[in-house]
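Novice: Okay, here's the structure, questions in a sec.
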Amino acid sequence: MSSEKVLLKIEGLHASVEEKNILKGLGLEIKPGEVHAIMGPNGAGKSTMGYVLSGREGYSVESGSAVLDGVELLELDAEERARAGLFLAFQYPVEIPGVSNLEFMKASVDAQREARGEESLSSAAFLKLAKEACKQVDLPLAFLKRGVNEGFSGGEKKRNEIMQMLLLKPKLCILDESDSGLDIDALQVVADGVNSQRSPDRSFIVVTHYQRLLDYIKPDYVHVFSDGKIVRSGDASLAHELEAQGYAWLTDGATETEEKA
Amino acid sequence: MSNWLENAVARADAQAERGSDWLAPKREASLKLLREAKVPTRKTEAWRYTPVRVLDQVNVSDSVTATVKAESIAGLESLDLVFVNGEFDVAQSHSELPAGVSIVRIKNADAAAQIWALNAFSNVKPTRHLFGLVNDVLAADGVLIDVAAGFEVAQPIRIVNLFTKGAEAHTRVLVRLGEGAKAAVVEQFSGNDASFNTGFAEFDVAAEAELEHYRFAMQIDEAISVGGSHFNLGEKSKLNSTLIGFGSNLSRVDIDVTHGGSHAFAKLNVIYLLDGKELFDLHSTIEHAMPHGTTEENVRGIVADRSRVVFNGRIHIHRDAQKTLAELNNRNLLMSDKAEINTKPELEIYADDVKCAHGATVAELDKQALYYMQSRGLTRSQAQVMLNFGFINELVEQMPNEALAEWLRPQLRERFARMEVK
């Protein structure tokens with residue numbers, strides 16, 4: 001499954017929000033087909049990474065680069081990044097009353113297809129795909145007609161994010177705490193959705209606080225974030241160590257290293 | 001120098017001299033009030049933000065005739081009543097009516113109809129509406145719609161008002177729903193050339209009756225339209241009303257809902273969309289005169305370019321109207337810093353055991369939602385159009401008549417497509 005090609009390469013990324021430095025020299029390399037888990041204490045910059053990569057307003061990049069499949073993301077508008085193959089499953093998906101899930105997803109898929117020079121799907125063809133995706137994440141079909149995330153429970157919102165991922169078929173998916181607030185059944189649904197999409201040319205970044213999700217989505221690598229960068233990387237066993245010992249032993253060390261440097 | 005108001009009074013006088021009919025006593029009463037009235041200025045509270053001087057500049061006459069077809073609405077099997085430049089068009093209107101419904105032109109009213117109409121006319125519509133008085137004295141045509149107690153009219157009654165260039169027209173509608181009756185009434189106004197119309201409708205909804213009502217005030221450009229829909233709700237009756245407003249040189253609607261019986265329910269949804277230099281003015285007044293009444297009023301609009309909207313929403317809860325539930329919400333999206341919104345929700349409460357809420361917001365588009373949508377591949381402008389549409393589509397979705405909602409959506413979409421963010 002390893003290949004010499006790199007799908008995502010982040011180098012020396014410094015970014016701030018409201019003049020507060022959050023990312024402080026982040027580097028990460030992901031090959032096609034790999035699953036990377038990102039763990040670490042609150043405030044370490046895990047979610048910020050997702051926002052910066054996806055182009056959220058208010059996050060300014062001071063230096064560094066992030067190249068997805070040959071495309072420099074950081075110079076693009078948010079929609080261009082999506083069209084380049086990036087997908088962020090939001091920690092807090094936004095409610096959009098009055099816009100139906102189906103309409104939203106059709107427009108999104110059409111926009112991405114158009115950007116790739118493909119014809120838009122017929123309504124009937126898209127509806128068929130959407131119904132399949134909806135079933136796959138175990139949401140009632142009525143959710144396609146409902147306003148985007150409107151009145152959805154926390155778990156339903158997370159499953160709706162996965163449904164969008166299934167339809168958009170991105171190259172790189174960032175799951176930002178897609179497990180938070182989920183019961184074990186919903187967790188299973190989210191994990192199954194992700195696992196069904198694992199393929200030699202699609203990669204995942206799984207941001208999570210808990211090792212639990214990683215029992216279902218087996219990562220190739222685990223990275224520990226602290227103070228805006230990766231302080232430790234390892235294989236899946238690192239997640240178990242973290243679960244057992246917490247982060248203190250890692251983050252203390254990080255601070256020391258930083259001071260020496 | 002004479003102005004449009006003096007003109008109106010002079011014409012009413014001339015009309016009275018030519019002879020009288022059964023409505024003459026009503027006209028006389030209104031004419032008396034009109035003689036004392038003054039042309040509204042910036043100092044007139046009800047017209048503070050809405051200048052009426054365009055009325056002195058527009059060249060119109062009440063004798064313009066034209067042949068215009070009323071377009072049908074796909075999927076809507078309606079009983080059509082068509083007015084062209086204020087005159088009832090027999091050929092385009094339905095004459096075969098279902099059981100329990102009587103519809104007659106005002107001029108053809110028989111003795112029985114005259115009696116209830118004389119009692120009802122201007123009883124539901126408050127006399128404070130200046131243009132309502134103008135309509136009282138000048139309306140040359142109109143219909144009386146009477147739905148007998150206990151009858152349910154399956155087909156919506158659609159009143160189509162068409163206007164052509166240079167026309168001045170005043171039409172009047174009076175609707176009575178007997179006890180427990182059910183009906184839907186659509187008031188539709190169209191024609192965008194320079195013209196002037198007043199269209200007032202009064203609805204007397206008896207106990208336990210249910211009225212579904214739509215007013216499509218969608219004339220734009222040079223059309224001048226001032227009118228109102230006025231409701232009196234009997235005990236345990238229900239009103240579900242939707243108003244769609246586009247702006248024009250002058251577009252003004254007055255809505256009055258009086259809870260005249262206890263336990264009545266009123267739902268009022270309003271959408272306005274304005275572009276260019278258009279003006280739309282809505283004044284709504286809800287009178288809770290009796291206890292246990294409910295009002296849900298949702299007013300939403302999008303205002304672009306240099307357009308201006310005026311919304312004055314008053315809820316008046318009388319001393320005896322205990323256990324009233326009333327909510328008034330006005331939400332606006334401003335798409336340009338040159339657009340103007342004058343919103344004033346007013347709650348006046350004299351009863352001590354009521355639940356009321358009101359609020360007004362003016363906002364720009366939700367940045368979070370825009371980012372979310374862009375992160376799925378939509379451009380910012382695609383996301384804006386979708387978000388805008390969603391904002392008002394929430395209310396379109398609440399329209400009980402699906403065919404009307406389907407007819408409306410593409411028109412609203414098309415209007416958006418032309419609205420620019422500045």
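Naming works like this for the structure tokens: A, B, ... for the chains as they're shown, residue 1 at the start of each chain, ligands 1 onward in shown order.
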Select from range 41-192 of chain A everything DSSP, run on the backbone, classes as strand (DSSP E or B), then give the selection as number ranges by chain.

Specialist: A: 59-68, 71-72, 86-89, 96-100, 147-148, 172-176

Novice: Write out as a VMD selection string all residues of range 41-163 of chain B that backbone DSSP assigns to helix (DSSP H, G or I).

Specialist: chain B and resid 45 to 47 54 to 57 106 to 108 111 to 120 130 to 138

Novice: Kindly determine which residues of chain B lie within 10 Å of chain A, considering only C-alpha atoms, and give the answer as a PyMOL selection string.

Specialist: chain B and resi 366-380+382-383+386-397

Novice: Counting only C-alpha atoms, what is within 7 Å of range 271-274 of chain B, bar same-chain residues fewer than 5 positions away, as a ChimeraX atom specification?

Specialist: /B:243-247,299-304,307,392

Novice: Go ahead and save the residues from that selection, with N, CA, C and O atoms, as a short mmCIF file (atom, residue, chain, number, x, y, z; two decimals), in the first residue's frame.

Specialist:
data_model
loop_
_atom_site.label_atom_id
_atom_site.label_comp_id
_atom_site.auth_asym_id
_atom_site.auth_seq_id
_atom_site.Cartn_x
_atom_site.Cartn_y
_atom_site.Cartn_z
N LEU B 243 -48.04 36.57 2.78
CA LEU B 243 -47.92 37.77 1.94
C LEU B 243 -46.55 37.77 1.28
O LEU B 243 -45.54 37.62 1.95
N ILE B 244 -46.55 37.93 -0.05
CA ILE B 244 -45.28 38.07 -0.76
C ILE B 244 -45.23 39.50 -1.30
O ILE B 244 -46.13 39.92 -2.03
N GLY B 245 -44.20 40.23 -0.95
CA GLY B 245 -44.09 41.61 -1.41
C GLY B 245 -42.82 41.84 -2.20
O GLY B 245 -41.73 41.49 -1.76
N PHE B 246 -42.98 42.39 -3.40
CA PHE B 246 -41.85 42.93 -4.13
C PHE B 246 -42.01 44.45 -4.04
O PHE B 246 -43.08 44.95 -3.76
N GLY B 247 -40.94 45.15 -4.30
CA GLY B 247 -41.05 46.59 -4.22
C GLY B 247 -41.24 47.20 -5.59
O GLY B 247 -41.00 46.58 -6.61
N VAL B 299 -41.91 37.69 9.64
CA VAL B 299 -41.70 38.60 8.51
C VAL B 299 -40.22 38.54 8.14
O VAL B 299 -39.36 38.83 8.97
N ARG B 300 -39.96 38.13 6.91
CA ARG B 300 -38.56 38.02 6.49
C ARG B 300 -38.33 38.69 5.16
O ARG B 300 -39.16 38.58 4.26
N GLY B 301 -37.19 39.31 5.02
CA GLY B 301 -36.96 39.95 3.74
C GLY B 301 -35.49 40.09 3.40
O GLY B 301 -34.62 40.04 4.27
N ILE B 302 -35.27 40.24 2.12
CA ILE B 302 -33.92 40.49 1.62
C ILE B 302 -33.96 41.79 0.82
O ILE B 302 -34.84 41.98 -0.02
N VAL B 303 -33.02 42.65 1.14
CA VAL B 303 -33.06 43.99 0.60
C VAL B 303 -31.72 44.28 -0.08
O VAL B 303 -30.68 44.24 0.57
N ALA B 304 -31.76 44.52 -1.39
CA ALA B 304 -30.52 44.69 -2.13
C ALA B 304 -30.42 46.10 -2.73
O ALA B 304 -31.38 46.87 -2.71
N SER B 307 -32.58 49.69 -2.50
CA SER B 307 -34.00 49.56 -2.19
C SER B 307 -34.26 49.88 -0.72
O SER B 307 -33.36 49.90 0.10
N ILE B 392 -35.63 32.49 3.01
CA ILE B 392 -37.05 32.73 2.79
C ILE B 392 -37.81 31.45 2.43
O ILE B 392 -39.00 31.35 2.68
#

Novice: To one decimal in Å, tell me the separation between CA of Ala133 in chain A and CA of Phe204 in chain A.

Specialist: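 Computing it gives 18.7 Å between the two atoms.
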
Novice: Rounded to one decimal in Å, what is the spacing between CA of Asn21 in chain A and CA of Gly228 in chain A?

Specialist: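 According to the coordinates, CA of Asn21 in chain A and CA of Gly228 in chain A are separated by 8.2 Å.
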
Novice: Excluding Ser237 in chain A and its own-chain neighbours fewer than 6 positions away, which residues fall within 10 Å of it when counting only C-alpha atoms? Please give them as a PyMOL selection string.

Specialist: chain A and resi 211+219-222+243
